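Colleague: One structure coming up, written as structure tokens, with questions to follow.
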Amino acid sequence: MQSLRFTALENLSSGSDSKIKPEQNGKITDMFGSNVFTGKVMREHLNDEAYKSLMNSIKNGTKIDRKMSEQIASGMKAWAMKKGVTHYTHWFQPLTGTTAEKHDSFFTLKGDGTALETFDGDALVQQEPDASSFPNGGLRATFEARGYTAWDPSSPAFILEQGYGKTLCIPTIFVSYTGESLDYKAPLLKALAAIDKAAVDVCNYFDKNITKVTPTLGWEQEYFLVDEAMANARPDLIMCGRTVVGHAPSKGQQLEDHYFGAIPERAYAYMRDFELESYKLGIPLRTRHNEVAPSQFECAPIFEEANIAVDHNSLLMDVMTKVAKRHKLRVLLHEKPFAGINGSGKHNNWSMATDTGVNLLAPGKTPKTNLMFLTFFVNTIKAVHDYADLMRASIASPSNDFRLGANEAPPAIISVFTGKYLYEVLQEVKTRVNNKFDEQDEAILKLDLHRHIPELMLDNTDRNRTSPFAFTGNKFEFRAVGSSANCASAMTTLNSIMAKTLIDFKAEVDGLIEKGEKKEIAIMQTLRKYIVDSERILFEGDGYSDDWAKEAEKRGLENIKTTPKALDALISAKSADLYTQIGVYTAKELHARHEILLEDYVKKVQIEARVIGDLATNNILPAAIRYQNELIANIRGLKEIGLGDAAAKAQKQIAEKIAEHINVISENVQAMIEARKVANKLTDSRQKAIDYCEKIKPYFDVIRYHSDKLEFLVDDRNWTLPKYRELLFLR
């Protein structure tokens, strides 16, 4: 029977019809947001009262009363039905790491049997999905299945098209019966509210007209594309999202010919298709290009308000997966699908914007705006310094562990890159630590950064790609976020620690003002103190180097390389103080999330262990034994015709090597199974996760090494798994 590998090779196609669809030739502006309940659509379908109520809720977070929700639901239904929608769903982001939806139709029956379509305010505002099968971390017993989704008006409703069906999707939070958050959105909204208030309070030192600060996010989504038939012949890609075995191809990325190269036609057709779907959903994609590794690509949008940007990224990953099937492709969002070549990240570019149109992380042209910029710049550094462990925890996952610290990704050591010119500014401020700072110190107080802006922008254009958290001219780029991650995890953490730091900063500045210091002097003295307190986290060099790891250790910076231990930060006393003070998590919710993430780690490593054992037992060893038998038959045949051992020397050596690799694989698979049995008996989630990490995962590398050696030795006709050379070079 022919293996799936050879069937796939014989039936490789160019995918679906790559011709440009008529609607793809239109202007993006004509189709953008066509499936979104935008402000313009609201104006057309809502009366003045309902429209103003909804816009006020979006802008100020005010509650929408029952009467208004009825009117909004009626208008939303009218718009959706006009576009052919038959069902609606509350679209949410549970702690599974995916999105979730339960569809209900507008259709119902009256008591007399009359059919009609209905969608009332209650259905818009709240639903009660069964929460029993979602991760909860011990927040409720299994029999307490009630959970609630509640409408988030700040993220617009949208229509999702799938085949011939259309569904109205309403972005919501997801909470337990007792009110604890069971999703990514609810904590993010709380963190955004916290930083809004804290940042406005600090902004008012400089401009009393500022009444709102909005964190912004621009993500960069990296991904791989492989042929669907080839992926289907790889059980590890289907079940783990990555290849757990696979010998490196002769040509990988060493020629650096894929990065920014001409986009392959099949990938280009796919990109155009998912971009079209994204534009209709209001996702403002701006760029597309080849990434470094073969078959690796990237797309990125225009910056948006952080909550909407997170929703759009989660939605995009769903869209990319769905559209790939049309093109007979498989999109891989795993951080490290292939060993030996670059993995995929999702750089989170973060800043803060005021309602007066100011980017708080952009240097200004006046002493006042420069001082405001420096205030938020230094506070960001201080926040990352003080809560580096939470930053590391926010990007921890079993898949990202394969990427962090590799040649294309930042190390697990959290550090901040500022660039040459801003580093010099910080050092200049620092030198005055032990001197009296007063109004005569014009060089620092005025901060004439505008003279250096051309150099500053040049310095940060060629930014430090080895830094996990780098300033890039008018924003910070959190580069360590993994490609499959929900951006809300990193954004909740970053905005929370920033809110807490700004609250503390204002308290210190106000304290100095109360003692008689002038406002600007008090601000500069506090900033100077923060620079000194945080300077150990500043690093401008090569984050990949061994010297940095040694230097970081001297500085007291942690280098936590694995998820189970990185997650400890969630349940520290410092974490509880932070999150409870600003109202993002309760201590109970933090412990629940810690438990959920540990369970997720164990399950994913457990699945990979089973897949590795299955592939070794049912694919790799049988292929090796078949070829070994062919060699033995060949050796025997040579002897039968009178040729001695010398003629069969090469065959014997190969057979001996194969036998050695077979034995090592077989022994380690069995040892891994026994280790799993021991770990599975543990009742403490943290210890179980650590055991899976430290006692079971090491077998992966051993089994893989010998499997890859066999792939190199065994006759290609006997090897049943598609090889890297077949997976990575899309045809």
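Residue numbers start at 1 in each chain; chains themselves are named A, B, ... in the order of the structure tokens; ligands are numbered from 1 in the order shown.
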Give me, as a ChimeraX atom specification, all polymer residues having an atom no more than 9 Å from Gly482 in chain A, counting only C-alpha atoms and skipping those fewer than 4 positions away in the same chain.
Modeller: /A:333-335,344-347,395-397,399-400,403-404,486-487
Colleague: Determine, counting only C-alpha atoms, which protein, DNA and RNA residues have an atom within 8 Å of an atom of Lys185 in chain A; residues of the same chain fewer than 5 positions away are not included. Present the result as a CSV table (one decimal) with N, CA, C and O atoms, in the first residue's frame.
Modeller:
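What landed in result.csv:
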chain,number,residue,atom,x,y,z
A,92,PHE,N,-16.4,35.1,21.6
A,92,PHE,CA,-15.6,35.3,22.8
A,92,PHE,C,-14.3,34.6,22.7
A,92,PHE,O,-14.1,33.7,21.8
A,93,GLN,N,-13.4,34.9,23.6
A,93,GLN,CA,-12.0,34.3,23.6
A,93,GLN,C,-11.7,33.6,24.9
A,93,GLN,O,-11.1,34.2,25.8
A,172,THR,N,-17.8,39.7,22.9
A,172,THR,CA,-18.2,39.7,24.3
A,172,THR,C,-17.1,39.2,25.2
A,172,THR,O,-16.1,38.7,24.8
A,173,ILE,N,-17.3,39.5,26.5
A,173,ILE,CA,-16.5,38.9,27.6
A,173,ILE,C,-17.1,37.6,28.0
A,173,ILE,O,-18.3,37.4,27.7
A,174,PHE,N,-16.4,36.8,28.7
A,174,PHE,CA,-16.9,35.5,29.2
A,174,PHE,C,-16.5,35.4,30.7
A,174,PHE,O,-15.4,35.4,31.0
A,307,ASN,N,-7.8,47.0,22.3
A,307,ASN,CA,-8.8,46.0,22.4
A,307,ASN,C,-9.3,45.5,21.1
A,307,ASN,O,-9.5,44.3,20.8
A,488,ALA,N,-3.9,39.5,23.8
A,488,ALA,CA,-4.4,40.0,25.1
A,488,ALA,C,-3.6,39.7,26.3
A,488,ALA,O,-3.5,40.5,27.2
Colleague: Considering only C-alpha atoms, return as a PDB file with C-alpha atoms, in the first residue's frame whatever protein or nucleic-acid residues lie within 6 Å of range 702-719 of chain A, sequence-local ones (same chain, fewer than 4 positions apart) excluded.
Modeller:
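The resulting file, out_2.pdb, is shown below:
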ATOM      1  CA  VAL A 245      10.988  14.774  13.670  1.00  0.00           C
ATOM      2  CA  GLY A 246      12.577  15.737  10.385  1.00  0.00           C
ATOM      3  CA  HIS A 247      16.077  15.876   8.932  1.00  0.00           C
ATOM      4  CA  ALA A 623      10.656   2.033   7.570  1.00  0.00           C
ATOM      5  CA  HIS A 661      19.533   3.990  15.886  1.00  0.00           C
ATOM      6  CA  ILE A 665      14.803   4.959  19.632  1.00  0.00           C
TER       7      ILE A 665
END
Colleague: Can you tell me which residues surround Ala549 in chain A at a distance of at most 9 Å, considering only C-alpha atoms, apart from same-chain residues fewer than 4 positions away, and format the answer as a list in words?
Modeller: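 Final neighbour list, sorted by chain and number: Pro411, Ile413, Gly543, Tyr544, Ser545, Glu553, Lys554 and Asn559 of chain A.
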Colleague: Output all heavy atoms for every residue in the selection just made, as a compact mmCIF listing (two decimals), in the first residue's frame.
Modeller:
# COMPACT_ATOMS: atom_id res chain seq x y z
N PRO A 411 15.99 36.41 23.55
CA PRO A 411 16.20 35.44 24.63
C PRO A 411 15.09 35.53 25.66
O PRO A 411 14.27 36.45 25.63
CB PRO A 411 17.54 35.88 25.23
CG PRO A 411 17.59 37.35 24.97
CD PRO A 411 16.92 37.55 23.64
N ILE A 413 15.56 36.27 28.58
CA ILE A 413 15.93 37.35 29.49
C ILE A 413 15.22 38.62 29.03
O ILE A 413 15.39 39.06 27.89
CB ILE A 413 17.45 37.60 29.46
CG1 ILE A 413 18.23 36.32 29.76
CG2 ILE A 413 17.84 38.71 30.43
CD1 ILE A 413 19.70 36.39 29.39
N GLY A 543 21.67 40.33 22.11
CA GLY A 543 20.94 39.50 23.06
C GLY A 543 21.15 38.01 22.85
O GLY A 543 20.80 37.21 23.72
N TYR A 544 21.71 37.63 21.70
CA TYR A 544 21.94 36.21 21.42
C TYR A 544 23.25 35.69 22.03
O TYR A 544 23.47 34.49 22.12
CB TYR A 544 22.01 35.95 19.92
CG TYR A 544 20.74 36.23 19.16
CD1 TYR A 544 20.77 36.45 17.78
CD2 TYR A 544 19.50 36.27 19.79
CE1 TYR A 544 19.61 36.70 17.07
CE2 TYR A 544 18.35 36.52 19.08
CZ TYR A 544 18.40 36.74 17.72
OH TYR A 544 17.26 36.98 17.01
N SER A 545 24.12 36.60 22.40
CA SER A 545 25.47 36.19 22.80
C SER A 545 25.50 35.53 24.18
O SER A 545 24.70 35.84 25.06
CB SER A 545 26.41 37.40 22.79
OG SER A 545 26.05 38.29 23.84
N GLU A 553 23.12 37.67 34.27
CA GLU A 553 23.17 36.99 35.57
C GLU A 553 23.84 37.87 36.61
O GLU A 553 23.38 37.96 37.76
CB GLU A 553 23.90 35.65 35.43
CG GLU A 553 23.87 34.82 36.69
CD GLU A 553 24.53 33.46 36.51
OE1 GLU A 553 25.11 33.21 35.44
OE2 GLU A 553 24.48 32.65 37.45
N LYS A 554 24.93 38.55 36.20
CA LYS A 554 25.60 39.46 37.12
C LYS A 554 24.68 40.61 37.55
O LYS A 554 24.72 41.08 38.68
CB LYS A 554 26.85 40.04 36.47
CG LYS A 554 27.99 39.05 36.28
CD LYS A 554 29.17 39.73 35.61
CE LYS A 554 30.30 38.74 35.33
NZ LYS A 554 31.42 39.39 34.60
N ASN A 559 16.69 34.51 33.82
CA ASN A 559 16.71 33.85 32.51
C ASN A 559 15.91 32.56 32.63
O ASN A 559 16.46 31.47 32.74
CB ASN A 559 18.15 33.58 32.07
CG ASN A 559 18.23 33.02 30.67
OD1 ASN A 559 17.23 32.95 29.96
ND2 ASN A 559 19.42 32.60 30.26
Colleague: Suppose you want the space between CA of Val213 in chain A and CA of Ala522 in chain A; what is it in Å?
Modeller: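 Interatomic distance, CA of Val213 in chain A to CA of Ala522 in chain A: 22.6 Å.
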Colleague: Return the single residue from A:Asn618, A:Asn668, A:Asn359, A:Ser314 that is closest to Asn474 in chain A, with distances computed using only C-alpha atoms.
Modeller: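 Nearest to Asn474 in chain A: A:Asn359.
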Colleague: Which is closest to Lys506 in chain A among A:Ala8, A:Arg593, A:Glu298, A:Thr375, if we use only C-alpha atoms?
Modeller: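 Ranking A:Ala8, A:Arg593, A:Glu298, A:Thr375 by distance to Lys506 in chain A, first place goes to A:Thr375.
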Colleague: Would you mind telling me which residue in A:Asp30, A:Asp183, A:Glu630, A:Glu540 lies nearest to Thr466 in chain A when using only C-alpha atoms?
Modeller: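 Looking at the shortest contact to Thr466 in chain A, the residue is A:Glu540.
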Colleague: Do you know which residues are at most 12 Å from Ile341 in chain A counting only C-alpha atoms, after dropping those on the same chain fewer than 6 positions away, and could you put them as a VMD selection string?
Modeller: chain A and resid 224 246 to 249 251 to 254 256 291 to 296 335 402 to 403 406 to 409 724 728
Colleague: Please dump the current selection as a CSV table (one decimal), in the first residue's frame; keep N, CA and C atoms.
Modeller:
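Resulting contents of selection-v1.csv:
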chain,number,residue,atom,x,y,z
A,224,PHE,N,3.6,30.0,8.6
A,224,PHE,CA,4.1,29.2,7.5
A,224,PHE,C,3.0,28.7,6.7
A,246,GLY,N,12.3,15.2,11.7
A,246,GLY,CA,12.6,15.7,10.4
A,246,GLY,C,14.0,16.2,10.2
A,247,HIS,N,14.7,15.5,9.2
A,247,HIS,CA,16.1,15.9,8.9
A,247,HIS,C,16.1,17.2,8.2
A,248,ALA,N,17.1,18.0,8.5
A,248,ALA,CA,17.2,19.3,7.8
A,248,ALA,C,17.5,19.1,6.3
A,249,PRO,N,16.9,19.9,5.4
A,249,PRO,CA,17.2,19.8,4.0
A,249,PRO,C,18.5,20.4,3.7
A,251,LYS,N,19.2,22.6,1.5
A,251,LYS,CA,19.0,24.0,1.4
A,251,LYS,C,17.9,24.4,2.3
A,252,GLY,N,18.2,25.3,3.2
A,252,GLY,CA,17.2,25.9,4.1
A,252,GLY,C,17.1,27.4,3.9
A,253,GLN,N,17.5,28.2,4.9
A,253,GLN,CA,17.4,29.6,4.7
A,253,GLN,C,18.8,30.2,4.6
A,254,GLN,N,19.8,29.4,4.4
A,254,GLN,CA,21.2,29.9,4.5
A,254,GLN,C,21.5,30.9,3.4
A,256,GLU,N,19.6,33.1,2.3
A,256,GLU,CA,18.9,34.4,2.6
A,256,GLU,C,18.1,34.9,1.4
A,291,GLU,N,8.9,36.0,4.8
A,291,GLU,CA,9.8,36.1,5.9
A,291,GLU,C,11.1,35.4,5.6
A,292,VAL,N,11.9,35.2,6.7
A,292,VAL,CA,13.3,34.6,6.5
A,292,VAL,C,13.3,33.2,6.0
A,293,ALA,N,12.5,32.3,6.7
A,293,ALA,CA,12.5,30.9,6.4
A,293,ALA,C,11.8,30.6,5.1
A,294,PRO,N,12.1,29.5,4.4
A,294,PRO,CA,11.3,29.2,3.3
A,294,PRO,C,9.9,28.8,3.7
A,295,SER,N,8.9,29.2,2.9
A,295,SER,CA,7.5,29.0,3.1
A,295,SER,C,7.0,29.8,4.3
A,296,GLN,N,7.7,30.8,4.8
A,296,GLN,CA,7.3,31.6,5.9
A,296,GLN,C,7.0,33.0,5.4
A,335,GLU,N,4.9,28.5,16.9
A,335,GLU,CA,6.1,29.3,17.0
A,335,GLU,C,7.4,28.6,16.4
A,402,PHE,N,10.1,26.7,22.4
A,402,PHE,CA,11.0,26.2,21.4
A,402,PHE,C,11.6,27.4,20.6
A,403,ARG,N,11.0,28.6,20.7
A,403,ARG,CA,11.5,29.7,19.9
A,403,ARG,C,12.4,30.7,20.7
A,406,ALA,N,16.4,31.2,20.5
A,406,ALA,CA,17.0,30.7,19.3
A,406,ALA,C,17.5,31.8,18.4
A,407,ASN,N,18.1,31.5,17.3
A,407,ASN,CA,18.8,32.5,16.6
A,407,ASN,C,17.9,33.6,16.0
A,408,GLU,N,16.6,33.4,15.9
A,408,GLU,CA,15.8,34.4,15.3
A,408,GLU,C,14.9,35.1,16.3
A,409,ALA,N,14.9,34.7,17.5
A,409,ALA,CA,14.0,35.2,18.5
A,409,ALA,C,14.8,35.8,19.7
A,724,TYR,N,11.4,17.5,5.0
A,724,TYR,CA,11.5,19.0,5.0
A,724,TYR,C,11.6,19.6,3.6
A,728,LEU,N,8.8,22.4,2.8
A,728,LEU,CA,9.2,23.8,3.0
A,728,LEU,C,9.3,24.6,1.7
Colleague: Which polymer residues have any atom within 10 Å of an atom of range 580-584 of chain A, counting only C-alpha atoms, with same-chain residues fewer than 4 positions away left out, as a PDB file with C-alpha atoms, in the first residue's frame?
Modeller:
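Saved as selection.pdb:
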ATOM      1  CA  SER A 181     -13.217  36.191  34.199  1.00  0.00           C
ATOM      2  CA  ALA A 186     -12.376  40.886  30.369  1.00  0.00           C
ATOM      3  CA  PRO A 187      -8.954  41.412  32.056  1.00  0.00           C
ATOM      4  CA  LEU A 188      -7.723  43.355  29.022  1.00  0.00           C
ATOM      5  CA  LEU A 189     -10.646  45.784  29.238  1.00  0.00           C
ATOM      6  CA  LYS A 190      -9.934  46.298  32.943  1.00  0.00           C
ATOM      7  CA  ALA A 191      -6.237  46.910  32.248  1.00  0.00           C
ATOM      8  CA  LEU A 192      -7.079  49.426  29.519  1.00  0.00           C
ATOM      9  CA  ALA A 193      -9.409  51.271  31.884  1.00  0.00           C
ATOM     10  CA  ALA A 194      -6.692  51.325  34.557  1.00  0.00           C
ATOM     11  CA  ILE A 195      -3.997  52.746  32.293  1.00  0.00           C
ATOM     12  CA  ALA A 198      -3.442  56.579  35.458  1.00  0.00           C
ATOM     13  CA  THR A 492      -3.086  42.947  29.702  1.00  0.00           C
ATOM     14  CA  THR A 493       0.257  42.582  31.451  1.00  0.00           C
ATOM     15  CA  SER A 496      -1.390  46.755  33.907  1.00  0.00           C
ATOM     16  CA  ILE A 497       2.233  47.228  34.943  1.00  0.00           C
ATOM     17  CA  ALA A 499      -0.841  51.700  35.041  1.00  0.00           C
ATOM     18  CA  LYS A 500       0.651  50.694  38.393  1.00  0.00           C
ATOM     19  CA  ILE A 503       0.093  55.600  39.769  1.00  0.00           C
ATOM     20  CA  SER A 575       1.619  40.073  41.278  1.00  0.00           C
ATOM     21  CA  ALA A 576      -1.394  39.882  43.579  1.00  0.00           C
ATOM     22  CA  GLU A 589      -8.406  34.572  39.327  1.00  0.00           C
ATOM     23  CA  LEU A 590      -4.598  34.656  39.245  1.00  0.00           C
TER      24      LEU A 590
END
Colleague: Calculate how many Å separate CA of Tyr270 in chain A from CA of Arg326 in chain A, rounding to one decimal.
Modeller: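 Taking CA of Tyr270 in chain A and CA of Arg326 in chain A, their separation equals 8.5 Å.
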Colleague: Mind giving me the straight-line distance from CA of Phe539 in chain A to CA of Glu558 in chain A in Å, one decimal?
Modeller: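 Value for the CA of Phe539 in chain A-CA of Glu558 in chain A distance: 14.0 Å.
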Colleague: Using DSSP assignments from the backbone, pull out every residue in range 272-419 of chain A that falls under strand (DSSP E) and give it to me as a short mmCIF file (atom, residue, chain, number, x, y, z; two decimals) with N, CA, C and O atoms, in the first residue's frame.
Modeller:
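Result file follows (result35.cif):
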data_model
loop_
_atom_site.label_atom_id
_atom_site.label_comp_id
_atom_site.auth_asym_id
_atom_site.auth_seq_id
_atom_site.Cartn_x
_atom_site.Cartn_y
_atom_site.Cartn_z
N LEU A 285 -5.30 45.42 7.34
CA LEU A 285 -4.01 44.87 6.91
C LEU A 285 -3.33 45.84 5.95
O LEU A 285 -3.95 46.37 5.04
N ARG A 286 -2.05 46.01 6.15
CA ARG A 286 -1.30 47.00 5.35
C ARG A 286 -0.15 46.37 4.58
O ARG A 286 0.13 46.75 3.45
N THR A 287 0.55 45.42 5.20
CA THR A 287 1.74 44.87 4.55
C THR A 287 1.66 43.35 4.44
O THR A 287 0.98 42.68 5.21
N ARG A 288 2.38 42.82 3.47
CA ARG A 288 2.56 41.38 3.31
C ARG A 288 3.95 41.15 2.71
O ARG A 288 4.40 41.93 1.87
N HIS A 289 4.64 40.11 3.14
CA HIS A 289 5.95 39.82 2.55
C HIS A 289 6.43 38.43 2.95
O HIS A 289 5.91 37.80 3.88
N ASN A 290 7.43 37.95 2.22
CA ASN A 290 8.11 36.72 2.60
C ASN A 290 8.94 36.98 3.85
O ASN A 290 9.58 38.03 3.96
N GLN A 296 7.74 30.79 4.79
CA GLN A 296 7.32 31.62 5.93
C GLN A 296 6.96 33.02 5.42
O GLN A 296 7.66 33.58 4.57
N PHE A 297 5.87 33.57 5.96
CA PHE A 297 5.37 34.86 5.49
C PHE A 297 4.91 35.71 6.68
O PHE A 297 4.85 35.23 7.81
N GLU A 298 4.59 36.95 6.38
CA GLU A 298 4.12 37.86 7.44
C GLU A 298 3.09 38.83 6.88
O GLU A 298 3.16 39.23 5.71
N CYS A 299 2.13 39.19 7.72
CA CYS A 299 1.22 40.29 7.40
C CYS A 299 1.13 41.18 8.64
O CYS A 299 1.35 40.72 9.76
N ALA A 300 0.81 42.44 8.42
CA ALA A 300 0.71 43.39 9.54
C ALA A 300 -0.31 44.46 9.20
O ALA A 300 -0.44 44.86 8.04
N PRO A 301 -1.02 44.95 10.22
CA PRO A 301 -2.05 45.97 10.00
C PRO A 301 -1.58 47.36 10.39
O PRO A 301 -0.48 47.55 10.93
N GLU A 304 -4.17 50.10 15.82
CA GLU A 304 -5.54 50.32 16.28
C GLU A 304 -5.56 50.40 17.81
O GLU A 304 -4.58 50.07 18.48
N GLU A 305 -6.71 50.81 18.34
CA GLU A 305 -6.92 50.73 19.78
C GLU A 305 -6.70 49.29 20.21
O GLU A 305 -7.09 48.36 19.51
N LEU A 329 -4.18 24.46 1.24
CA LEU A 329 -2.99 24.77 2.03
C LEU A 329 -3.29 24.56 3.50
O LEU A 329 -4.44 24.52 3.92
N ARG A 330 -2.24 24.47 4.28
CA ARG A 330 -2.36 24.45 5.73
C ARG A 330 -1.52 25.60 6.26
O ARG A 330 -0.33 25.72 5.93
N VAL A 331 -2.14 26.51 7.06
CA VAL A 331 -1.38 27.60 7.66
C VAL A 331 -0.92 27.15 9.04
O VAL A 331 -1.69 26.59 9.82
N LEU A 332 0.36 27.32 9.31
CA LEU A 332 0.96 26.91 10.58
C LEU A 332 1.28 28.16 11.40
O LEU A 332 2.10 28.98 10.99
N ASN A 348 4.46 42.71 19.09
CA ASN A 348 3.40 43.61 19.53
C ASN A 348 3.97 45.02 19.67
O ASN A 348 4.74 45.31 20.60
N ASN A 349 3.61 45.89 18.75
CA ASN A 349 4.08 47.28 18.76
C ASN A 349 3.06 48.12 19.54
O ASN A 349 1.92 48.28 19.11
N TRP A 350 3.51 48.66 20.66
CA TRP A 350 2.61 49.27 21.64
C TRP A 350 2.96 50.73 21.88
O TRP A 350 4.13 51.09 21.98
N SER A 351 1.93 51.55 21.98
CA SER A 351 2.13 52.93 22.37
C SER A 351 0.85 53.43 23.05
O SER A 351 -0.06 52.64 23.33
N MET A 352 0.78 54.73 23.31
CA MET A 352 -0.38 55.34 23.96
C MET A 352 -0.70 56.64 23.24
O MET A 352 0.20 57.45 22.97
N ALA A 353 -1.98 56.86 22.96
CA ALA A 353 -2.42 58.07 22.26
C ALA A 353 -3.42 58.83 23.11
O ALA A 353 -4.27 58.23 23.77
N THR A 354 -3.33 60.15 23.08
CA THR A 354 -4.27 60.98 23.84
C THR A 354 -5.43 61.41 22.94
O THR A 354 -5.33 61.36 21.70
N VAL A 416 15.51 45.87 27.88
CA VAL A 416 14.94 46.97 27.10
C VAL A 416 16.04 47.62 26.27
O VAL A 416 17.11 47.94 26.78
N PHE A 417 15.76 47.80 24.99
CA PHE A 417 16.66 48.50 24.08
C PHE A 417 16.08 49.89 23.81
O PHE A 417 14.91 50.03 23.46
#
